[in-house]
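The file coords-v6.txt contains compact mmCIF, C-alpha atoms:
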# COMPACT_ATOMS: atom_id res chain seq x y z
CA MET A 1 -7.20 25.67 23.46
CA VAL A 2 -4.91 23.14 25.15
CA ILE A 3 -3.84 19.86 23.55
CA ARG A 4 -6.17 17.65 25.60
CA ALA A 5 -9.22 19.77 24.84
CA ALA A 6 -8.33 19.89 21.14
CA LEU A 7 -8.06 16.10 21.02
CA ASP A 8 -11.37 15.65 22.83
CA GLU A 9 -13.15 18.07 20.49
CA ALA A 10 -11.68 16.45 17.38
CA ALA A 11 -12.52 12.92 18.55
CA ARG A 12 -16.15 13.96 19.23
CA CYS A 13 -16.41 15.52 15.78
CA LEU A 14 -15.03 12.44 14.06
CA LYS A 15 -17.20 10.05 16.07
CA GLU A 16 -20.35 12.00 15.17
CA LYS A 17 -19.44 11.56 11.50
CA GLY A 18 -19.15 7.77 11.91
CA ASN A 19 -15.37 7.51 12.11
CA SER A 20 -14.46 4.08 13.55
CA THR A 21 -11.19 5.25 15.14
CA PRO A 22 -11.89 8.84 16.21
CA ARG A 23 -9.40 9.08 19.08
CA LEU A 24 -6.58 7.54 17.04
CA ASP A 25 -7.20 9.75 14.03
CA ALA A 26 -7.46 12.85 16.21
CA ALA A 27 -4.05 12.08 17.71
CA VAL A 28 -2.42 11.23 14.36
CA LEU A 29 -3.58 14.49 12.84
CA LEU A 30 -2.47 16.60 15.78
CA CYS A 31 0.95 14.92 15.77
CA HIS A 32 1.22 15.91 12.13
CA VAL A 33 0.25 19.52 12.79
CA LEU A 34 2.69 19.88 15.70
CA GLY A 35 5.49 17.76 14.25
CA LYS A 36 5.53 15.74 17.47
CA ASP A 37 4.99 12.09 18.46
CA ARG A 38 2.05 10.73 20.46
CA GLY A 39 4.12 10.65 23.64
CA TYR A 40 4.40 14.41 23.42
CA LEU A 41 0.61 14.76 23.35
CA ILE A 42 0.37 12.80 26.58
CA THR A 43 3.14 14.58 28.46
CA HIS A 44 2.11 18.04 27.27
CA ASP A 45 -1.67 17.67 27.31
CA GLN A 46 -2.13 21.05 29.03
CA GLU A 47 0.06 22.94 26.58
CA ARG A 48 -1.85 25.63 24.70
CA LEU A 49 -1.89 25.40 20.92
CA ALA A 50 -0.66 28.37 18.93
CA PRO A 51 -3.53 30.03 17.02
CA ALA A 52 -2.10 28.98 13.64
CA ALA A 53 -1.75 25.37 14.78
CA GLU A 54 -5.29 25.34 16.17
CA THR A 55 -6.69 26.69 12.93
CA LYS A 56 -4.78 24.17 10.81
CA TYR A 57 -5.85 21.34 13.10
CA ARG A 58 -9.53 22.25 12.83
CA GLU A 59 -9.22 22.37 9.04
CA ILE A 60 -7.71 18.92 8.63
CA VAL A 61 -10.04 17.38 11.23
CA ALA A 62 -12.97 18.74 9.19
CA LYS A 63 -11.54 17.10 6.05
CA ARG A 64 -11.10 13.80 7.89
CA ALA A 65 -14.68 14.07 9.14
CA GLU A 66 -15.82 14.36 5.52
CA GLY A 67 -14.02 11.13 4.71
CA MET A 68 -10.58 12.09 3.41
CA PRO A 69 -8.12 9.42 4.63
CA ALA A 70 -5.77 10.48 7.40
CA ALA A 71 -2.78 9.26 5.37
CA TYR A 72 -3.60 11.71 2.56
CA LEU A 73 -3.92 14.53 5.07
CA THR A 74 -0.56 13.78 6.68
CA GLY A 75 1.13 12.62 3.46
CA GLU A 76 2.61 9.64 5.32
CA LYS A 77 1.86 5.98 5.99
CA GLU A 78 3.96 3.41 7.80
CA PHE A 79 4.60 0.07 6.05
CA MET A 80 7.12 -2.61 7.02
CA SER A 81 8.37 -0.23 9.76
CA LEU A 82 9.23 2.35 7.08
CA SER A 83 7.50 5.69 6.48
CA PHE A 84 6.14 6.10 2.95
CA ALA A 85 5.03 9.27 1.24
CA VAL A 86 1.49 8.94 -0.12
CA ASN A 87 -0.97 11.16 -1.93
CA GLU A 88 -4.29 10.86 -3.75
CA HIS A 89 -2.58 9.26 -6.77
CA VAL A 90 -1.64 6.05 -4.93
CA LEU A 91 -3.37 3.42 -2.86
CA ILE A 92 -2.61 3.77 0.84
CA PRO A 93 -0.33 0.90 1.98
CA ARG A 94 -2.10 -1.61 4.19
CA SER A 95 -0.85 -4.02 6.80
CA ASP A 96 -2.33 -6.95 4.83
CA THR A 97 0.23 -6.27 2.10
CA GLU A 98 3.06 -6.76 4.58
CA THR A 99 2.15 -10.46 4.39
CA LEU A 100 3.18 -10.39 0.73
CA VAL A 101 6.54 -8.72 1.41
CA GLU A 102 7.31 -11.00 4.35
CA ALA A 103 6.52 -14.09 2.27
CA ILE A 104 8.98 -12.99 -0.42
CA LEU A 105 11.69 -12.21 2.13
CA GLU A 106 11.25 -15.72 3.51
CA GLU A 107 11.32 -17.38 0.08
CA ASN A 108 14.24 -15.42 -1.36
CA GLU A 109 17.56 -17.27 -1.29
CA LEU A 110 19.50 -14.99 -3.62
CA GLY A 111 21.89 -12.26 -2.56
CA THR A 112 21.15 -10.01 -5.51
CA PRO A 113 17.71 -10.94 -6.85
CA ARG A 114 16.25 -9.11 -9.81
CA ILE A 115 12.72 -8.13 -8.82
CA ALA A 116 9.83 -6.67 -10.79
CA ASP A 117 7.07 -4.94 -8.80
CA LEU A 118 4.08 -4.61 -11.12
CA CYS A 119 1.30 -2.10 -10.33
CA CYS A 120 3.74 -0.59 -7.86
CA GLY A 121 1.69 2.40 -6.70
CA SER A 122 3.56 4.13 -3.87
CA GLY A 123 6.41 1.64 -4.25
CA CYS A 124 5.84 0.27 -0.76
CA ILE A 125 6.44 -3.32 -1.91
CA GLY A 126 9.40 -2.76 -4.22
CA VAL A 127 11.12 -0.22 -1.97
CA SER A 128 10.66 -2.44 1.09
CA LEU A 129 12.19 -5.39 -0.74
CA ALA A 130 15.12 -3.26 -1.89
CA TYR A 131 15.58 -1.98 1.66
CA TYR A 132 15.49 -5.38 3.36
CA ILE A 133 17.44 -7.20 0.62
CA PRO A 134 20.51 -4.94 0.28
CA GLY A 135 21.62 -6.47 -3.03
CA ALA A 136 18.23 -6.49 -4.74
CA LEU A 137 17.73 -4.74 -8.08
CA VAL A 138 14.10 -3.67 -8.41
CA THR A 139 12.07 -2.58 -11.43
CA MET A 140 8.81 -0.83 -10.48
CA VAL A 141 6.03 -0.51 -13.01
CA ASP A 142 2.74 1.41 -12.95
CA VAL A 143 0.36 2.83 -15.53
CA SER A 144 0.12 6.11 -13.61
CA GLU A 145 2.91 8.63 -14.11
CA ASP A 146 1.91 10.26 -10.82
CA ALA A 147 2.23 6.94 -8.98
CA VAL A 148 5.65 6.28 -10.52
CA GLU A 149 6.77 9.70 -9.28
CA VAL A 150 5.67 8.83 -5.73
CA ALA A 151 7.49 5.48 -5.92
CA GLN A 152 10.66 7.29 -7.03
CA GLN A 153 10.39 9.67 -4.08
CA ASN A 154 10.05 6.76 -1.68
CA ALA A 155 13.03 4.94 -3.15
CA VAL A 156 15.17 8.03 -2.63
CA ARG A 157 13.74 8.54 0.85
CA HIS A 158 14.93 5.09 1.92
CA GLY A 159 18.28 5.18 0.19
CA VAL A 160 17.59 2.54 -2.47
CA GLY A 161 17.10 4.78 -5.50
CA ALA A 162 20.33 3.64 -7.15
CA ARG A 163 19.08 0.05 -7.22
CA CYS A 164 15.63 0.84 -8.55
CA ARG A 165 14.35 1.36 -12.09
CA PHE A 166 10.98 2.91 -12.85
CA VAL A 167 8.73 2.23 -15.82
CA CYS A 168 5.41 3.82 -16.73
CA ALA A 169 3.48 1.20 -18.70
CA ASP A 170 0.01 -0.27 -19.08
CA LEU A 171 0.40 -3.92 -18.17
CA LEU A 172 -2.89 -4.81 -19.84
CA CYS A 173 -1.37 -4.12 -23.25
CA GLU A 174 2.40 -3.78 -22.79
CA GLN A 175 5.22 -6.20 -21.97
CA VAL A 176 7.94 -5.35 -19.46
CA ALA A 177 11.44 -6.11 -20.72
CA GLY A 178 13.89 -8.09 -18.64
CA GLU A 179 14.40 -11.47 -16.98
CA PHE A 180 13.66 -11.52 -13.28
CA ASP A 181 14.10 -13.82 -10.31
CA ILE A 182 10.97 -12.52 -8.60
CA VAL A 183 7.81 -10.93 -9.97
CA VAL A 184 5.49 -9.45 -7.35
CA SER A 185 2.22 -7.59 -7.68
CA ASN A 186 -0.63 -6.21 -5.63
CA PRO A 187 -2.88 -5.42 -8.60
CA PRO A 188 -6.36 -3.87 -8.62
CA TYR A 189 -8.68 -6.68 -7.54
CA ILE A 190 -11.98 -5.20 -6.35
CA GLU A 191 -14.97 -6.18 -8.48
CA THR A 192 -16.25 -3.11 -10.31
CA ALA A 193 -19.74 -3.37 -8.86
CA GLU A 194 -18.39 -3.62 -5.31
CA ILE A 195 -16.37 -0.39 -5.32
CA ALA A 196 -19.34 1.83 -4.49
CA ALA A 197 -20.05 -0.29 -1.39
CA LEU A 198 -16.55 0.12 0.05
CA GLU A 199 -15.95 2.40 3.02
CA ARG A 200 -16.36 6.02 2.02
CA ASP A 201 -12.72 6.96 2.55
CA VAL A 202 -11.75 4.23 0.08
CA ALA A 203 -14.52 4.49 -2.52
CA GLU A 204 -14.49 8.29 -2.77
CA TYR A 205 -10.83 9.13 -2.20
CA GLU A 206 -8.46 6.33 -3.19
CA PRO A 207 -7.70 6.09 -6.92
CA ARG A 208 -10.21 3.91 -8.75
CA LEU A 209 -7.42 2.93 -11.12
CA ALA A 210 -5.74 1.11 -8.22
CA LEU A 211 -8.94 -0.59 -7.05
CA ASP A 212 -10.93 -1.73 -10.09
CA GLY A 213 -10.15 -5.31 -11.08
CA GLY A 214 -12.95 -5.64 -13.63
CA ALA A 215 -16.33 -7.36 -13.43
CA ASP A 216 -15.02 -10.38 -11.51
CA GLY A 217 -11.94 -8.77 -9.97
CA LEU A 218 -9.61 -11.09 -11.92
CA VAL A 219 -8.70 -9.04 -15.01
CA PHE A 220 -5.16 -8.28 -13.84
CA TYR A 221 -4.52 -11.82 -12.59
CA ARG A 222 -5.35 -13.22 -16.02
CA ARG A 223 -2.93 -10.77 -17.56
CA LEU A 224 -0.22 -11.45 -14.97
CA ALA A 225 -0.58 -15.19 -15.63
CA GLN A 226 0.30 -14.39 -19.26
CA LEU A 227 3.07 -11.88 -18.56
CA ALA A 228 4.96 -13.52 -15.71
CA PRO A 229 6.18 -16.67 -17.50
CA ALA A 230 7.95 -14.52 -20.10
CA MET A 231 9.48 -12.32 -17.41
CA LEU A 232 10.75 -14.96 -14.99
CA ARG A 233 13.78 -17.23 -15.21
CA PRO A 234 13.02 -20.95 -14.78
CA GLY A 235 12.29 -21.52 -11.12
CA GLY A 236 11.63 -17.82 -10.58
CA LEU A 237 9.06 -16.78 -8.01
CA LEU A 238 5.71 -15.17 -8.72
CA ALA A 239 3.99 -13.69 -5.65
CA LEU A 240 0.60 -11.98 -5.76
CA GLU A 241 -1.68 -10.36 -3.22
CA VAL A 242 -5.28 -11.47 -3.71
CA GLY A 243 -8.72 -10.54 -2.38
CA HIS A 244 -10.34 -12.55 0.38
CA LYS A 245 -12.28 -14.87 -1.99
CA GLN A 246 -9.83 -15.00 -4.90
CA ALA A 247 -7.04 -17.37 -3.86
CA GLY A 248 -8.58 -20.47 -5.44
CA ALA A 249 -9.29 -18.79 -8.76
CA VAL A 250 -5.79 -17.29 -8.96
CA MET A 251 -4.19 -20.63 -8.10
CA GLU A 252 -6.06 -22.11 -11.09
CA LEU A 253 -4.88 -19.33 -13.39
CA LEU A 254 -1.27 -20.20 -12.56
CA ALA A 255 -1.67 -23.96 -12.90
CA ALA A 256 -0.29 -24.26 -16.44
CA ASP A 257 3.03 -22.47 -15.96
CA PHE A 258 3.83 -22.63 -12.25
CA HIS A 259 4.66 -25.40 -9.78
CA ASP A 260 4.95 -25.42 -6.00
CA ARG A 261 1.93 -23.17 -5.86
CA GLU A 262 0.81 -22.21 -2.37
CA THR A 263 -1.13 -19.64 -0.42
CA VAL A 264 -0.12 -17.62 2.62
CA CYS A 265 -2.63 -16.31 5.16
CA ASP A 266 -2.58 -12.85 6.67
CA LEU A 267 -3.00 -12.20 10.41
CA ALA A 268 -6.79 -12.50 10.05
CA GLY A 269 -6.44 -16.00 8.61
CA ILE A 270 -7.44 -14.90 5.09
CA ARG A 271 -5.56 -16.45 2.17
CA ARG A 272 -3.92 -13.18 1.16
CA VAL A 273 -0.96 -14.31 -0.99
CA VAL A 274 -0.63 -16.76 -3.87
CA MET A 275 2.88 -17.87 -4.87
CA GLY A 276 4.37 -20.24 -7.41
CA ARG A 277 7.61 -21.13 -9.17
CA LYS A 278 7.92 -20.95 -12.94
CA ASN A 279 8.13 -24.32 -14.67
CA GLY A 280 11.29 -25.30 -16.52
Could you take the file, read its structure, and then write that structure out as structure tokens?
Amino acid sequence: MVIRAALDEAARCLKEKGNSTPRLDAAVLLCHVLGKDRGYLITHDQERLAPAAETKYREIVAKRAEGMPAAYLTGEKEFMSLSFAVNEHVLIPRSDTETLVEAILEENELGTPRIADLCCGSGCIGVSLAYYIPGALVTMVDVSEDAVEVAQQNAVRHGVGARCRFVCADLLCEQVAGEFDIVVSNPPYIETAEIAALERDVAEYEPRLALDGGADGLVFYRRLAQLAPAMLRPGGLLALEVGHKQAGAVMELLAADFHDRETVCDLAGIRRVVMGRKNG
């Protein structure tokens, strides 16, 4: 089978299974199998696939058709123009979260800020900040040992491992030692009852531990409102990603200990980030 025919067959298969981006996913998966970019697929669309490549491609297309996210099948996801390793132990980085990183980069005025990334998952936030702020010292924290391992891999991948520290801890019952200039978090914030209604590739494949924010989705924000004041220097920045209806509630949770509170909208106009400066 030639490349063009393989893409057409895969796209049809994915579309029949309800995939919303069948042509894109078909191309991403074939690029992964061949180790080539999308330009290669266009310029070599009549090239015949080797039998082994064709077999592998059919296998991963079948898995994608059943709902497994493409990022888990390829083991890669781009974030902030960087390629991050991902697996089933971490949430797949999303473009919405780039709003959080960009807001911090804009607010940061320090050459060597001390940053804590809480609920770090793949490390996409903390590693990106370390990469784009060359003097930053970043502590990344997650309850999952597997997630911490992925974050470590990504720090090494992007050459910032020497400036990163990794801690496995349950933030709901443990304190993180240190005084920081910036505390950032994209915590679990989906309401427990809403998880089952999420898209299949999220609800059935992404780690529930990284999604479930409790009955009202605010469990981790309440805890972060308690933790952050003890972790930040006076005037230090707290920056949080929030769900599409949570900005107001999170702003209220920070009212006692933070000033200059504000929200930042993502590209869809949703209030995606809540930020504030520690009093004192």
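The shortest atom-to-atom distance to Leu211 of chain A, with all atoms listed in the file taken into account, belongs to A:Gly121 out of A:Gly18, A:Gly121, A:Gly126, A:Gly269.
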- Message: Under the rule that all atoms listed in the file are counted, which of A:Asp181, A:Asp8, A:Glu194, A:Glu252 is the nearest residue to Glu109 of chain A?
- Response: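 The closest residue to Glu109 of chain A is A:Asp181.
Excluding segment 238-243 of chain A itself and same-chain residues fewer than 3 positions from it, the residues having an atom within 8 Å of it are Thr97, Leu100, Ile104, Ile182, Val183, Val184, Ser185, Asn186, Pro187, Tyr189, Ile190, Ala228, Gln246, Ala247, Val250, Arg271, Arg272, Val273, Val274, Met275, Gly276, Arg277 and Lys278 of chain A, counting all atoms listed in the file.
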Selection from above, C-alpha atoms, as a compact mmCIF listing (two decimals), in the coordinates of the input, can you write it?
# COMPACT_ATOMS: atom_id res chain seq x y z
CA THR A 97 0.23 -6.27 2.10
CA LEU A 100 3.18 -10.39 0.73
CA ILE A 104 8.98 -12.99 -0.42
CA ILE A 182 10.97 -12.52 -8.60
CA VAL A 183 7.81 -10.93 -9.97
CA VAL A 184 5.49 -9.45 -7.35
CA SER A 185 2.22 -7.59 -7.68
CA ASN A 186 -0.63 -6.21 -5.63
CA PRO A 187 -2.88 -5.42 -8.60
CA TYR A 189 -8.68 -6.68 -7.54
CA ILE A 190 -11.98 -5.20 -6.35
CA ALA A 228 4.96 -13.52 -15.71
CA GLN A 246 -9.83 -15.00 -4.90
CA ALA A 247 -7.04 -17.37 -3.86
CA VAL A 250 -5.79 -17.29 -8.96
CA ARG A 271 -5.56 -16.45 2.17
CA ARG A 272 -3.92 -13.18 1.16
CA VAL A 273 -0.96 -14.31 -0.99
CA VAL A 274 -0.63 -16.76 -3.87
CA MET A 275 2.88 -17.87 -4.87
CA GLY A 276 4.37 -20.24 -7.41
CA ARG A 277 7.61 -21.13 -9.17
CA LYS A 278 7.92 -20.95 -12.94
Could you give me, as a PDB file with C-alpha atoms, in the coordinates of the input, the residues within 9 Å of Thr139 of chain A, counting only C-alpha atoms and dropping anything in the same chain fewer than 2 positions from it?
ATOM      1  CA  ARG A 114      16.250  -9.110  -9.810  1.00  0.00           C
ATOM      2  CA  ILE A 115      12.720  -8.130  -8.820  1.00  0.00           C
ATOM      3  CA  ALA A 116       9.830  -6.670 -10.790  1.00  0.00           C
ATOM      4  CA  ASP A 117       7.070  -4.940  -8.800  1.00  0.00           C
ATOM      5  CA  LEU A 118       4.080  -4.610 -11.120  1.00  0.00           C
ATOM      6  CA  GLY A 126       9.400  -2.760  -4.220  1.00  0.00           C
ATOM      7  CA  LEU A 137      17.730  -4.740  -8.080  1.00  0.00           C
ATOM      8  CA  VAL A 141       6.030  -0.510 -13.010  1.00  0.00           C
ATOM      9  CA  ARG A 163      19.080   0.050  -7.220  1.00  0.00           C
ATOM     10  CA  CYS A 164      15.630   0.840  -8.550  1.00  0.00           C
ATOM     11  CA  ARG A 165      14.350   1.360 -12.090  1.00  0.00           C
ATOM     12  CA  PHE A 166      10.980   2.910 -12.850  1.00  0.00           C
ATOM     13  CA  VAL A 167       8.730   2.230 -15.820  1.00  0.00           C
TER      14      VAL A 167
END
- Message: Need the shell around segment 37-46 of chain A: protein/DNA/RNA residues with any atom at most 6 Å away, counting all atoms listed in the file. Skip same-chain ones fewer than 5 positions apart. Format as a list of chain:residue names?
- Response: A:Val2, A:Ile3, A:Arg4, A:Cys31
- Determine the nearest neighbour of Phe84 of chain A from the options A:Pro188, A:Pro69, A:Pro113, A:Gly123, counting all atoms listed in the file.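 Selected residue with least distance to Phe84 of chain A: A:Gly123.
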- Would you kindly return, as a PyMOL selection string, each protein, DNA or RNA residue with an atom no farther than 10 Å from any atom of His89 of chain A, considering only C-alpha atoms and excluding same-chain residues fewer than 2 positions away? chain A and resi 72+86-87+91-92+121-122+144-150+205-210
Would you mind listing what lies within 10 Å of Gln175 of chain A as a PDB file with C-alpha atoms, in the coordinates of the input, with only C-alpha atoms counted and same-chain residues fewer than 2 positions away left out?
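Result file is result-v4.pdb:
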ATOM      1  CA  ALA A 169       3.480   1.200 -18.700  1.00  0.00           C
ATOM      2  CA  ASP A 170       0.010  -0.270 -19.080  1.00  0.00           C
ATOM      3  CA  LEU A 171       0.400  -3.920 -18.170  1.00  0.00           C
ATOM      4  CA  LEU A 172      -2.890  -4.810 -19.840  1.00  0.00           C
ATOM      5  CA  CYS A 173      -1.370  -4.120 -23.250  1.00  0.00           C
ATOM      6  CA  ALA A 177      11.440  -6.110 -20.720  1.00  0.00           C
ATOM      7  CA  GLY A 178      13.890  -8.090 -18.640  1.00  0.00           C
ATOM      8  CA  GLN A 226       0.300 -14.390 -19.260  1.00  0.00           C
ATOM      9  CA  LEU A 227       3.070 -11.880 -18.560  1.00  0.00           C
ATOM     10  CA  ALA A 228       4.960 -13.520 -15.710  1.00  0.00           C
ATOM     11  CA  ALA A 230       7.950 -14.520 -20.100  1.00  0.00           C
ATOM     12  CA  MET A 231       9.480 -12.320 -17.410  1.00  0.00           C
TER      13      MET A 231
END
